[in-house]
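The next block is model.cif, given as mmCIF, C-alpha atoms and all ligand atoms.
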data_data
loop_
_atom_site.label_atom_id
_atom_site.label_comp_id
_atom_site.auth_asym_id
_atom_site.auth_seq_id
_atom_site.Cartn_x
_atom_site.Cartn_y
_atom_site.Cartn_z
CA MET A 346 21.85 -17.25 15.59
CA MET A 347 18.59 -15.77 14.39
CA ILE A 348 15.98 -16.79 11.90
CA GLY A 349 16.56 -15.39 8.50
CA GLN A 350 19.70 -17.45 8.14
CA PRO A 351 19.50 -19.86 5.23
CA GLY A 352 17.55 -23.01 5.94
CA TRP A 353 15.89 -21.97 9.20
CA ALA A 354 12.13 -21.78 9.18
CA ALA A 355 11.61 -18.12 8.34
CA TYR A 356 7.86 -18.14 8.77
CA ALA A 357 5.49 -18.98 11.57
CA MET A 358 4.20 -22.52 11.78
CA PRO A 359 0.78 -22.76 10.15
CA ARG A 360 -1.91 -23.20 12.79
CA SER A 361 -3.34 -26.31 11.13
CA LEU A 362 0.07 -28.06 11.23
CA GLN A 363 0.58 -26.98 14.82
CA ARG A 364 -2.81 -28.43 15.81
CA ALA A 365 -2.11 -31.68 13.97
CA LEU A 366 1.26 -32.04 15.73
CA ASN A 367 -0.26 -31.26 19.13
CA GLY A 368 -2.99 -33.84 18.59
CA LEU A 369 -0.49 -36.42 17.41
CA PHE A 370 1.82 -35.77 20.35
CA VAL A 371 -0.92 -35.98 23.00
CA ALA A 372 -2.49 -39.09 21.40
CA SER A 373 0.91 -40.85 21.09
CA LEU A 374 1.88 -40.04 24.68
CA VAL A 375 -1.46 -41.08 26.23
CA LEU A 376 -1.74 -44.28 24.18
CA THR A 377 1.87 -45.28 24.84
CA LEU A 378 1.50 -44.64 28.57
CA ALA A 379 -1.68 -46.73 28.62
CA VAL A 380 0.10 -49.56 26.82
CA VAL A 381 3.40 -49.55 28.73
CA MET A 382 1.97 -48.80 32.20
CA GLY A 383 -1.46 -50.45 32.06
CA SER A 384 -2.30 -53.64 33.93
CA GLY A 385 0.13 -56.43 33.06
CA ALA A 386 2.29 -53.87 31.22
CA PRO A 387 6.09 -54.23 30.83
CA VAL A 388 6.92 -51.18 32.99
CA SER A 389 6.00 -51.33 36.67
CA GLY A 390 7.17 -50.47 40.16
CA ARG A 391 9.93 -47.85 40.49
CA ASP A 392 10.41 -47.78 36.71
CA ALA A 393 6.79 -46.75 36.31
CA SER A 394 7.33 -43.71 38.55
CA ILE A 395 10.41 -42.68 36.56
CA VAL A 396 8.51 -43.16 33.26
CA ALA A 397 5.60 -41.08 34.60
CA ALA A 398 7.99 -38.32 35.72
CA LEU A 399 9.80 -38.37 32.35
CA SER A 400 6.46 -38.27 30.51
CA VAL A 401 5.36 -35.23 32.51
CA LEU A 402 8.75 -33.60 31.78
CA LEU A 403 8.36 -34.36 28.07
CA ALA A 404 4.82 -32.96 27.96
CA ALA A 405 5.92 -29.83 29.87
CA THR A 406 8.91 -29.27 27.58
CA TYR A 407 6.71 -29.74 24.54
CA THR A 408 4.17 -27.20 25.86
CA VAL A 409 6.88 -24.62 26.67
CA GLY A 410 7.96 -24.79 23.02
CA PHE A 411 4.59 -23.65 21.78
CA VAL A 412 3.55 -21.33 24.58
CA GLY A 413 7.01 -19.84 25.15
CA PRO A 414 8.72 -18.73 28.35
CA ALA A 415 7.39 -15.72 30.24
CA ARG A 416 8.24 -12.51 28.45
CA ARG A 417 11.33 -10.87 29.80
CA ALA A 418 10.85 -7.31 31.06
CA GLY A 419 11.95 -4.91 28.38
CA SER A 420 11.95 -7.45 25.53
CA ARG A 421 9.52 -6.24 22.91
CA ARG A 422 8.82 -9.54 21.19
CA ARG A 423 8.46 -13.08 22.39
CA GLU A 424 11.02 -15.47 21.01
CA VAL A 425 9.89 -19.07 21.18
CA PRO A 426 11.25 -22.22 19.58
CA VAL A 427 8.05 -22.68 17.59
CA PRO A 428 6.47 -19.45 16.44
CA SER A 429 2.74 -19.67 16.18
CA VAL A 430 1.17 -17.63 13.43
CA GLY A 431 2.29 -14.03 13.52
CA THR A 432 2.85 -13.83 17.30
CA ALA A 433 6.55 -14.44 17.74
CA ARG A 434 9.78 -15.02 15.90
CA VAL A 435 11.90 -18.14 15.92
CA ASN A 436 15.01 -18.17 18.01
CA PRO A 437 17.16 -20.95 16.53
CA GLY A 438 19.22 -21.28 19.73
CA ARG A 439 16.07 -21.93 21.73
CA ALA A 440 14.67 -24.20 19.01
CA LEU A 441 17.83 -26.34 19.18
CA ARG A 442 17.78 -26.50 22.98
CA TRP A 443 14.07 -27.30 22.97
CA LEU A 444 14.33 -30.09 20.40
CA GLY A 445 17.51 -31.38 22.08
CA THR A 446 15.82 -31.57 25.52
CA MET A 447 12.81 -33.37 24.11
CA THR A 448 15.03 -35.79 22.23
CA VAL A 449 17.04 -36.63 25.36
CA VAL A 450 13.88 -37.12 27.49
CA TRP A 451 12.30 -39.22 24.73
CA ALA A 452 15.50 -41.32 24.39
CA CYS A 453 15.38 -41.94 28.18
CA LEU A 454 11.75 -43.08 27.86
CA MET A 455 12.78 -45.35 24.99
CA ALA A 456 15.32 -46.95 27.36
CA PHE A 457 12.38 -48.12 29.47
CA SER A 458 10.10 -49.16 26.63
CA ALA A 459 10.30 -49.21 22.84
CA GLY A 460 6.55 -48.46 22.96
CA PHE A 461 7.49 -44.77 23.15
CA SER A 462 8.67 -45.00 19.53
CA TRP A 463 5.23 -43.59 18.55
CA LEU A 464 6.35 -40.25 19.93
CA GLY A 465 9.12 -40.24 17.34
CA PHE A 466 6.57 -39.33 14.66
CA PRO A 467 5.64 -35.84 15.98
CA LEU A 468 9.26 -35.32 17.08
CA PHE A 469 10.62 -36.06 13.58
CA ALA A 470 7.96 -33.79 12.09
CA LEU A 471 9.20 -30.98 14.35
CA TYR A 472 12.83 -31.57 13.27
CA VAL A 473 11.82 -31.19 9.62
CA GLN A 474 9.57 -28.22 10.26
CA LEU A 475 12.02 -26.22 12.35
CA LEU A 476 15.57 -27.18 11.40
CA PRO A 477 17.40 -26.60 8.17
CA LEU A 478 17.38 -29.82 6.12
CA ARG A 479 21.13 -30.30 6.66
CA LEU A 480 20.39 -30.68 10.40
CA ALA A 481 16.89 -32.16 10.16
CA ILE A 482 17.92 -35.24 8.14
CA PRO A 483 20.74 -36.32 10.51
CA ALA A 484 18.39 -35.63 13.46
CA VAL A 485 15.68 -37.86 11.95
CA ALA A 486 18.32 -40.55 11.20
CA LEU A 487 19.58 -40.38 14.78
CA GLY A 488 16.01 -40.63 16.13
CA THR A 489 15.36 -43.63 13.87
CA ALA A 490 18.55 -45.25 15.19
CA VAL A 491 17.28 -44.71 18.77
CA VAL A 492 14.01 -46.44 17.88
CA VAL A 493 15.74 -49.37 16.13
CA THR A 494 18.19 -49.81 19.07
CA ALA A 495 15.35 -49.77 21.60
CA LYS A 496 13.38 -52.32 19.61
CA GLU A 497 16.44 -54.55 19.29
CA ALA A 498 17.10 -54.32 23.06
CA GLN A 499 13.48 -55.15 23.82
CA ALA A 500 13.24 -58.08 21.40
CA GLY A 501 16.77 -59.33 22.06
CA GLY A 502 17.53 -59.41 18.35
CA LEU A 503 16.90 -57.53 15.14
CA GLU A 504 14.45 -58.50 12.42
CA VAL A 505 13.93 -56.76 9.09
CA SER A 506 10.49 -55.46 10.16
CA GLN A 507 12.04 -53.83 13.24
CA VAL A 508 14.27 -51.75 11.00
CA ALA A 509 11.85 -51.24 8.10
CA GLY A 510 8.99 -50.02 10.36
CA PRO A 511 10.89 -47.11 12.00
CA VAL A 512 12.62 -46.17 8.73
CA LEU A 513 9.28 -46.09 6.94
CA GLY A 514 7.73 -44.05 9.79
CA ALA A 515 10.62 -41.55 9.68
CA LEU A 516 10.29 -41.29 5.90
CA ILE A 517 6.54 -40.66 6.10
CA ALA A 518 6.98 -37.99 8.82
CA THR A 519 9.70 -36.24 6.79
CA LEU A 520 7.86 -36.33 3.47
CA THR A 521 4.53 -35.30 5.03
CA VAL A 522 6.02 -32.16 6.57
CA LEU A 523 8.04 -31.33 3.44
CA GLY A 524 4.91 -31.76 1.28
CA TYR A 525 2.89 -29.63 3.68
CA GLN A 526 5.52 -26.91 3.65
CA SER A 527 5.62 -26.80 -0.13
CA LEU A 528 1.79 -26.60 -0.30
CA HIS A 529 1.84 -23.85 2.30
CA ARG A 530 4.48 -21.88 0.37
CA GLU A 531 2.49 -22.31 -2.83
CA SER A 532 -0.71 -21.09 -1.20
CA GLN A 533 1.12 -18.07 0.24
CA ALA A 534 2.54 -17.23 -3.20
CA ARG A 535 -0.97 -17.56 -4.64
CA GLN A 536 -2.36 -15.26 -1.96
CA ALA A 537 0.31 -12.65 -2.74
CA LEU A 538 -0.56 -12.93 -6.43
CA ILE A 539 -4.28 -12.52 -5.73
CA HIS A 540 -3.53 -9.48 -3.58
CA GLU A 541 -1.48 -7.98 -6.41
CA LEU A 542 -4.29 -8.67 -8.90
CA VAL A 543 -6.87 -7.05 -6.63
CA VAL A 544 -4.68 -3.93 -6.26
CA THR A 545 -4.17 -3.73 -10.04
CA ARG A 546 -7.90 -4.24 -10.68
CA ASP A 547 -8.77 -1.45 -8.23
CA ALA A 548 -6.24 0.89 -9.86
CA LEU A 549 -7.72 0.09 -13.28
CA ALA A 550 -11.26 0.69 -12.02
CA ASP A 551 -10.13 4.02 -10.55
CA SER A 552 -8.57 5.18 -13.79
CA GLN A 553 -11.66 4.07 -15.74
CA ARG A 554 -13.89 5.97 -13.32
CA GLU A 555 -11.70 9.03 -13.69
CA ALA A 556 -11.77 8.78 -17.50
CA GLY A 557 -15.60 8.46 -17.36
CA ARG A 558 -15.84 11.48 -15.08
CA LEU A 559 -13.66 13.59 -17.38
CA ALA A 560 -15.66 12.49 -20.45
CA GLU A 561 -18.94 13.41 -18.73
CA ARG A 562 -17.60 16.83 -17.75
CA GLN A 563 -16.47 17.39 -21.32
CA ARG A 564 -19.93 16.47 -22.62
CA LEU A 565 -21.60 18.83 -20.15
CA ALA A 566 -19.23 21.63 -21.13
CA ARG A 567 -20.03 21.12 -24.82
CA GLU A 568 -23.77 21.16 -24.12
CA ILE A 569 -23.58 24.37 -22.10
CA HIS A 570 -21.33 25.97 -24.69
CA ASP A 571 -23.64 25.08 -27.57
CA THR A 572 -26.83 26.16 -25.82
CA VAL A 573 -26.56 28.72 -23.01
CA ALA A 574 -23.27 30.38 -24.05
CA GLN A 575 -24.21 30.57 -27.73
CA GLY A 576 -27.64 31.88 -26.79
CA LEU A 577 -26.21 34.62 -24.58
CA SER A 578 -23.77 35.65 -27.34
CA SER A 579 -26.70 35.96 -29.75
CA VAL A 580 -28.71 37.99 -27.22
CA ILE A 581 -25.78 40.38 -26.76
CA MET A 582 -25.32 40.76 -30.53
CA LEU A 583 -29.04 41.40 -31.03
CA LEU A 584 -29.15 43.94 -28.22
CA ARG A 585 -26.14 45.75 -29.66
CA SER A 586 -27.86 45.92 -33.03
CA THR A 587 -30.90 47.66 -31.49
CA ASP A 588 -28.86 50.82 -31.11
CA ALA A 589 -28.85 51.34 -34.87
CA VAL A 590 -32.58 50.77 -35.29
CA LEU A 591 -33.87 52.72 -32.31
CA PRO A 592 -35.13 56.29 -33.00
CA PRO A 593 -32.67 58.98 -31.85
CA ASP A 594 -34.93 60.08 -28.97
CA ALA A 595 -35.44 56.59 -27.46
CA SER A 596 -32.93 57.20 -24.73
CA LEU A 597 -34.79 55.12 -22.14
CA ALA A 598 -34.85 52.10 -24.49
CA ARG A 599 -31.13 52.60 -25.17
CA GLU A 600 -30.43 52.73 -21.48
CA ARG A 601 -32.42 49.51 -20.88
CA ALA A 602 -30.67 47.81 -23.81
CA ALA A 603 -27.29 48.84 -22.37
CA GLN A 604 -28.28 47.39 -19.00
CA ALA A 605 -29.46 44.19 -20.65
CA ILE A 606 -26.13 43.94 -22.53
CA GLU A 607 -24.29 44.42 -19.27
CA VAL A 608 -26.25 41.70 -17.49
CA ALA A 609 -25.97 39.30 -20.43
CA THR A 610 -22.20 39.95 -20.75
CA ALA A 611 -21.72 39.30 -17.04
CA ASN A 612 -23.69 36.08 -17.37
CA LEU A 613 -21.73 35.03 -20.42
CA ASP A 614 -18.52 35.66 -18.50
CA GLU A 615 -19.82 33.51 -15.65
CA CYS A 616 -20.81 30.86 -18.12
CA ARG A 617 -17.36 30.89 -19.73
CA ARG A 618 -15.74 30.67 -16.34
CA PHE A 619 -17.94 27.68 -15.55
CA LEU A 620 -17.03 26.08 -18.89
CA TYR A 621 -13.38 26.68 -18.19
CA GLU A 622 -13.76 24.90 -14.82
CA LEU A 623 -15.72 22.03 -16.32
CA SER A 624 -13.78 21.12 -19.39
CA PRO A 625 -10.48 19.37 -18.86
CA PRO A 626 -7.54 21.45 -19.95
CA PRO A 627 -6.19 20.80 -23.43
CA LEU A 628 -4.08 17.83 -22.39
CA ASP A 629 -5.61 15.23 -24.74
CA GLU A 630 -2.53 13.60 -26.20
CA THR A 631 -0.14 16.38 -25.15
CA PRO A 632 2.39 15.52 -22.46
CA LEU A 633 2.17 17.75 -19.38
CA PRO A 634 5.46 19.66 -19.95
CA GLU A 635 4.42 20.52 -23.50
CA ALA A 636 0.91 21.61 -22.42
CA LEU A 637 2.44 23.82 -19.70
CA ARG A 638 4.96 25.33 -22.09
CA ARG A 639 2.16 26.29 -24.50
CA LEU A 640 0.05 27.71 -21.69
CA VAL A 641 2.95 29.78 -20.38
CA ASP A 642 3.81 31.04 -23.89
CA ARG A 643 0.18 32.03 -24.48
CA SER A 644 0.10 33.95 -21.19
CA ALA A 645 2.86 36.35 -22.24
CA SER A 646 1.60 39.81 -23.06
CA ASP A 647 3.03 43.27 -23.69
CA GLY A 648 3.49 43.97 -20.02
CA LEU A 649 4.33 40.44 -18.88
CA GLY A 650 7.26 38.27 -19.97
CA THR A 651 6.85 34.56 -19.25
CA ALA A 652 9.26 31.62 -19.24
CA PHE A 653 8.93 27.88 -18.72
CA HIS A 654 11.70 25.63 -17.39
CA LEU A 655 11.71 21.86 -17.25
CA HIS A 656 14.10 19.98 -14.96
CA GLY A 657 14.62 16.24 -14.78
CA GLU A 658 13.33 13.43 -16.95
CA PRO A 659 9.49 13.56 -17.28
CA TYR A 660 7.53 10.46 -16.26
CA PRO A 661 3.77 9.81 -16.45
CA LEU A 662 1.84 11.15 -13.46
CA GLY A 663 -1.67 10.04 -14.35
CA ALA A 664 -4.56 12.10 -15.75
CA GLU A 665 -5.66 13.49 -12.39
CA SER A 666 -2.23 14.85 -11.45
CA ASP A 667 -1.68 16.24 -14.96
CA VAL A 668 -5.02 18.06 -14.86
CA ALA A 669 -4.37 19.35 -11.33
CA LEU A 670 -0.96 20.81 -12.28
CA LEU A 671 -2.30 22.38 -15.45
CA ARG A 672 -5.26 23.91 -13.60
CA LEU A 673 -2.94 25.20 -10.93
CA THR A 674 -0.73 26.87 -13.51
CA GLN A 675 -3.78 28.39 -15.23
CA GLU A 676 -5.06 29.83 -11.96
CA ALA A 677 -1.63 31.04 -10.84
CA LEU A 678 -1.08 32.76 -14.20
CA ALA A 679 -4.58 34.30 -14.00
CA ASN A 680 -3.65 35.65 -10.57
CA VAL A 681 -0.38 37.06 -11.92
CA ARG A 682 -2.25 38.80 -14.74
CA GLY A 683 -5.08 39.96 -12.49
CA HIS A 684 -3.32 40.97 -9.29
CA ALA A 685 0.45 40.99 -9.52
CA HIS A 686 1.35 43.79 -11.99
CA ALA A 687 4.47 41.74 -12.61
CA ALA A 688 7.08 42.18 -15.33
CA THR A 689 8.13 38.53 -15.36
CA CYS A 690 6.58 35.21 -14.47
CA VAL A 691 8.57 31.96 -14.48
CA VAL A 692 6.99 28.52 -14.33
CA SER A 693 9.28 25.59 -13.43
CA LEU A 694 8.36 21.92 -13.59
CA CYS A 695 10.78 19.58 -11.89
CA TYR A 696 10.75 15.77 -11.92
CA LEU A 697 12.67 14.51 -8.91
CA ASP A 698 13.12 10.97 -7.61
CA GLY A 699 9.73 10.13 -6.16
CA ARG A 700 8.23 13.67 -6.41
CA VAL A 701 7.25 16.23 -8.99
CA THR A 702 7.24 19.92 -8.16
CA LEU A 703 5.73 22.91 -9.93
CA ASP A 704 6.65 26.51 -9.10
CA VAL A 705 5.03 29.66 -10.44
CA PHE A 706 7.05 32.73 -9.51
CA ASP A 707 6.33 36.35 -10.35
CA ASP A 708 8.15 39.57 -9.48
CA GLY A 709 4.96 41.56 -8.96
CA LYS A 710 3.61 43.54 -6.03
CA GLY A 711 3.08 40.51 -3.82
CA PHE A 712 0.51 40.24 -1.01
CA ASP A 713 0.13 38.96 2.51
CA PRO A 714 -1.02 35.33 2.21
CA GLU A 715 -2.12 35.35 5.85
CA LEU A 716 -4.83 37.97 5.21
CA PRO A 717 -8.25 36.81 3.94
CA PRO A 718 -9.24 38.12 0.46
CA GLN A 719 -10.82 41.57 0.56
CA ASP A 720 -13.68 40.56 -1.73
CA SER A 721 -15.72 37.79 -0.07
CA ARG A 722 -16.90 36.58 -3.50
CA SER A 723 -13.32 35.83 -4.60
CA GLY A 724 -10.51 33.85 -3.06
CA PHE A 725 -11.51 30.51 -4.48
CA GLY A 726 -8.47 30.24 -6.73
CA LEU A 727 -5.79 29.53 -4.12
CA HIS A 728 -8.23 27.54 -1.99
CA GLY A 729 -9.22 25.33 -4.96
CA MET A 730 -5.55 24.80 -5.86
CA ARG A 731 -4.75 23.64 -2.34
CA GLN A 732 -7.74 21.29 -2.24
CA ARG A 733 -6.84 19.70 -5.55
CA ILE A 734 -3.17 19.21 -4.70
CA GLU A 735 -3.80 17.93 -1.17
CA GLY A 736 -6.51 15.63 -2.51
CA LEU A 737 -3.77 13.94 -4.51
CA GLY A 738 -1.51 13.53 -1.49
CA GLY A 739 0.62 16.57 -2.35
CA ALA A 740 1.32 19.91 -0.73
CA LEU A 741 0.91 23.54 -1.79
CA THR A 742 2.78 26.54 -0.43
CA VAL A 743 2.21 30.20 -1.25
CA GLU A 744 5.08 32.50 -0.37
CA SER A 745 4.61 36.20 -0.85
CA ALA A 746 5.21 39.54 0.79
CA ILE A 747 4.23 43.07 -0.19
CA GLY A 748 6.63 44.31 -2.88
CA GLU A 749 8.49 41.02 -3.12
CA GLY A 750 6.58 39.00 -5.68
CA THR A 751 4.82 35.71 -5.19
CA ALA A 752 5.87 32.07 -5.42
CA VAL A 753 3.26 29.33 -5.61
CA ALA A 754 4.82 25.88 -5.20
CA ALA A 755 3.07 22.54 -5.51
CA SER A 756 4.61 19.14 -4.99
CA LEU A 757 3.01 15.80 -5.77
CA PRO A 758 4.22 12.31 -4.92
CA MET A 759 5.20 10.03 -7.79
CA PRO A 760 2.17 7.82 -8.59
CA LEU A 761 2.35 4.14 -7.53
CA GLY A 762 3.98 2.06 -10.21
CA GLY A 763 5.66 5.12 -11.71
CA THR A 764 9.33 5.22 -12.50
CA SER A 765 11.70 7.99 -11.79
N1 LIG B 1 0.49 36.45 -7.88
C1 LIG B 1 -0.17 37.27 -7.06
N2 LIG B 1 0.27 38.53 -6.87
C2 LIG B 1 -0.38 39.36 -6.01
N3 LIG B 1 -1.47 39.00 -5.31
C3 LIG B 1 -1.95 37.76 -5.47
C4 LIG B 1 -1.33 36.84 -6.34
N4 LIG B 1 -2.03 35.67 -6.26
C5 LIG B 1 -3.02 35.88 -5.40
N5 LIG B 1 -3.00 37.13 -4.92
C6 LIG B 1 -3.89 37.70 -3.89
O1 LIG B 1 -4.53 36.62 -3.23
C7 LIG B 1 -5.93 36.78 -3.31
C8 LIG B 1 -6.58 35.43 -3.42
O2 LIG B 1 -6.30 34.84 -4.70
P1 LIG B 1 -7.31 33.80 -5.28
O3 LIG B 1 -6.81 33.28 -6.54
O4 LIG B 1 -7.58 32.81 -4.19
O5 LIG B 1 -8.64 34.62 -5.46
P2 LIG B 1 -8.97 35.71 -6.57
O6 LIG B 1 -7.98 35.62 -7.68
O7 LIG B 1 -9.07 37.04 -5.87
O8 LIG B 1 -10.39 35.28 -7.02
P3 LIG B 1 -10.79 33.98 -7.82
O9 LIG B 1 -11.65 33.23 -6.86
O10 LIG B 1 -11.50 34.45 -8.99
O11 LIG B 1 -9.52 33.24 -8.15
C9 LIG B 1 -6.17 37.66 -4.50
O12 LIG B 1 -7.37 38.38 -4.41
C10 LIG B 1 -4.96 38.58 -4.49
O13 LIG B 1 -5.17 39.63 -3.61
MG MG B 2 -7.49 33.80 -8.59
#
Can the structure in the file be given as C-alpha cells, please?
Amino acid sequence: MMIGQPGWAAYAMPRSLQRALNGLFVASLVLTLAVVMGSGAPVSGRDASIVAALSVLLAATYTVGFVGPARRAGSRRREVPVPSVGTARVNPGRALRWLGTMTVVWACLMAFSAGFSWLGFPLFALYVQLLPLRLAIPAVALGTAVVVTAKEAQAGGLEVSQVAGPVLGALIATLTVLGYQSLHRESQARQALIHELVVTRDALADSQREAGRLAERQRLAREIHDTVAQGLSSVIMLLRSTDAVLPPDASLARERAAQAIEVATANLDECRRFLYELSPPPLDETPLPEALRRLVDRSASDGLGTAFHLHGEPYPLGAESDVALLRLTQEALANVRGHAHAATCVVSLCYLDGRVTLDVFDDGKGFDPELPPQDSRSGFGLHGMRQRIEGLGGALTVESAIGEGTAVAASLPMPLGGTS
C-alpha cells in the first residue's frame, strides 16, 4: 500500500507541525513521568522500572518514525512513516505499524497510570495527520476509550468529567490538525497561484520588451531611410546628371563622377541591406503563412519557379518566432537566387504537435556545407539563420551536395501556452 491512495497523507508533514508535535510529545512524556514517578507518586518499585522501560521504548519508537530506519542498500529513497518536508515518501504499511506500536506501548503505560493520558494528545494528532479519516476517527475513538477506561480503573468509578475531559481533548486534537491541514493546503494553493502569476507577468514583460525593441528598430530604419538613403539616392541622381552638363572633353571629370556614382551606389546598397536587416519583415497584421506565401510568390522570376505549401493547422508562434522564420525564408530565397541557379524552389511550412518546421528546398547546383565560404566577407546568411533559430530553442539543418540542390530546414518548439 503506497501513498497516493485516496485518503493517505500525500504530502510531507509541514516542519512547523512536526516541531509542535515533537515538543508536545516530549513535554507530555517528561511531565507525566515526573508526576507518576516522582516522590510520593502512584507508581513505584518494580512497576516504576517497567514504566521507565516502556517510556524509553515509546520515545525510541516515536523518534524512529521521524528519523526513519537506516537506508537499505540499493533503495533510492527513504520511506518513513512520517515524511519530513521533501526528504522521503510515506509508506502506509510502516505508518500503520509505527502508530500501532506506539498505541500498544502507550496503552500499556496507561495500565500503570492514567496520568499518561496526556500523551494521547500528540498521538491523536498523528492519527489525524497520517491516516485517512475513515481510519483516523475510529483510532481516535479507540484511544479515547483507552483513556476513559484507565481513568475509571484508577478512580474506581466513572464521573461525567472523566468522560467529557478525554472526549474534549480528542476533539480538540482532531480539529486542530484538520484546521492546520486545511490552512496548509490553502497556503500551498496560494503559492502555486502566485508562481503562475509571476510566470505570466514575466512572459508579458518579455513580449512587451520585444514589442518595444521591434518598434525602436522600425523607428531607426525609418530615420536612416529618410536621411542617409534618400541623401545617397539624390547624390547618385545629381552625379548622373553631370554627364549631360560636362563639356565633351572633360573625360577626367566624367571618370571621377563615374567613380563617385559607383561608391555612392555601393554605399546605398549597403544602406538598403542594413535597412532590410533592421526593419521587421512585413508581418504587421499578416499571419505568418500568408506573409510567407506572398514572399515566395514575389521571389518567382523568369528563371525560377517558386511554390509554397502549408501543412497542419496554423497556431500563433509569437512575434519573435514569426520574424525569425520570415527572415530565414528571405535569406534562403536570396541564396537560391544568388547562388543556386535553380529552376524550382519550394517552401513548406508545417505545424506539427508541439513543433513547427520550415523547409526551403531548391534543385540548384548545391554546395558543400562543410566548406567555409570562399569570400571571407560573406557567409553571414546561414550563420545568422542558425543563431536566430537556436536562440529560440530550435534547430537548423542545411543539407546540400554538389549538383543535388539544397534543403534548409528549421524547426522551432511550440511556444509555452500555445495550442496545437
Ligand atoms: N541554395 C544554395 N545553393 C547553392 N549554394 C548555396 C545555397 N545557399 C548557400 N550557398 C552557399 O553557401 C555559402 C554561404 O551562404 P550564406 O548565405 O551564409 O552567405 P552568402 O550568401 O555567401 O553571403 P551573405 O552573408 O550575404 O548571405 C554561399 O556563399 C554559397 O556558396
Ligand atoms: Mg546568403
At most 7 Å from ligand LIG 1 (chain B) (all atoms listed in the file): residue list as a PyMOL selection string: chain A and resi 676-677+680-681+684-685+707+709-712+714+718-719+723-728+750-751
Selection near Leu366 in chain A, 9 Å with only C-alpha atoms, sequence-local residues under 6 positions removed, as JSON, numbers by chain: {"A": [467, 468, 470, 471]}
Interatomic distance, CA of Gly650 in chain A to CA of Thr689 in chain A (Å, one decimal):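 That distance, rounded to one decimal, is 4.7 Å.
Of note, CA of Arg554 in chain A and CA of Thr572 in chain A are spaced 27.0 Å apart.
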Near-Gly648 in chain A list (10 Å; all atoms listed in the file; drop same-chain fewer than 4 positions) as a PyMOL selection string: chain A and resi 682+686-689
Excluding Leu757 in chain A and any residue of its chain fewer than 4 positions from it, enumerate the residues within 8 Å of it, using all atoms listed in the file, and give them as a PDB file with C-alpha atoms, in the coordinates of the input.
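Output saved as result.pdb:
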ATOM      1  CA  SER A 666      -2.230  14.850 -11.450  1.00  0.00           C
ATOM      2  CA  ARG A 700       8.230  13.670  -6.410  1.00  0.00           C
ATOM      3  CA  VAL A 701       7.250  16.230  -8.990  1.00  0.00           C
ATOM      4  CA  THR A 702       7.240  19.920  -8.160  1.00  0.00           C
ATOM      5  CA  ILE A 734      -3.170  19.210  -4.700  1.00  0.00           C
ATOM      6  CA  LEU A 737      -3.770  13.940  -4.510  1.00  0.00           C
ATOM      7  CA  GLY A 738      -1.510  13.530  -1.490  1.00  0.00           C
ATOM      8  CA  GLY A 739       0.620  16.570  -2.350  1.00  0.00           C
ATOM      9  CA  ALA A 740       1.320  19.910  -0.730  1.00  0.00           C
TER      10      ALA A 740
END
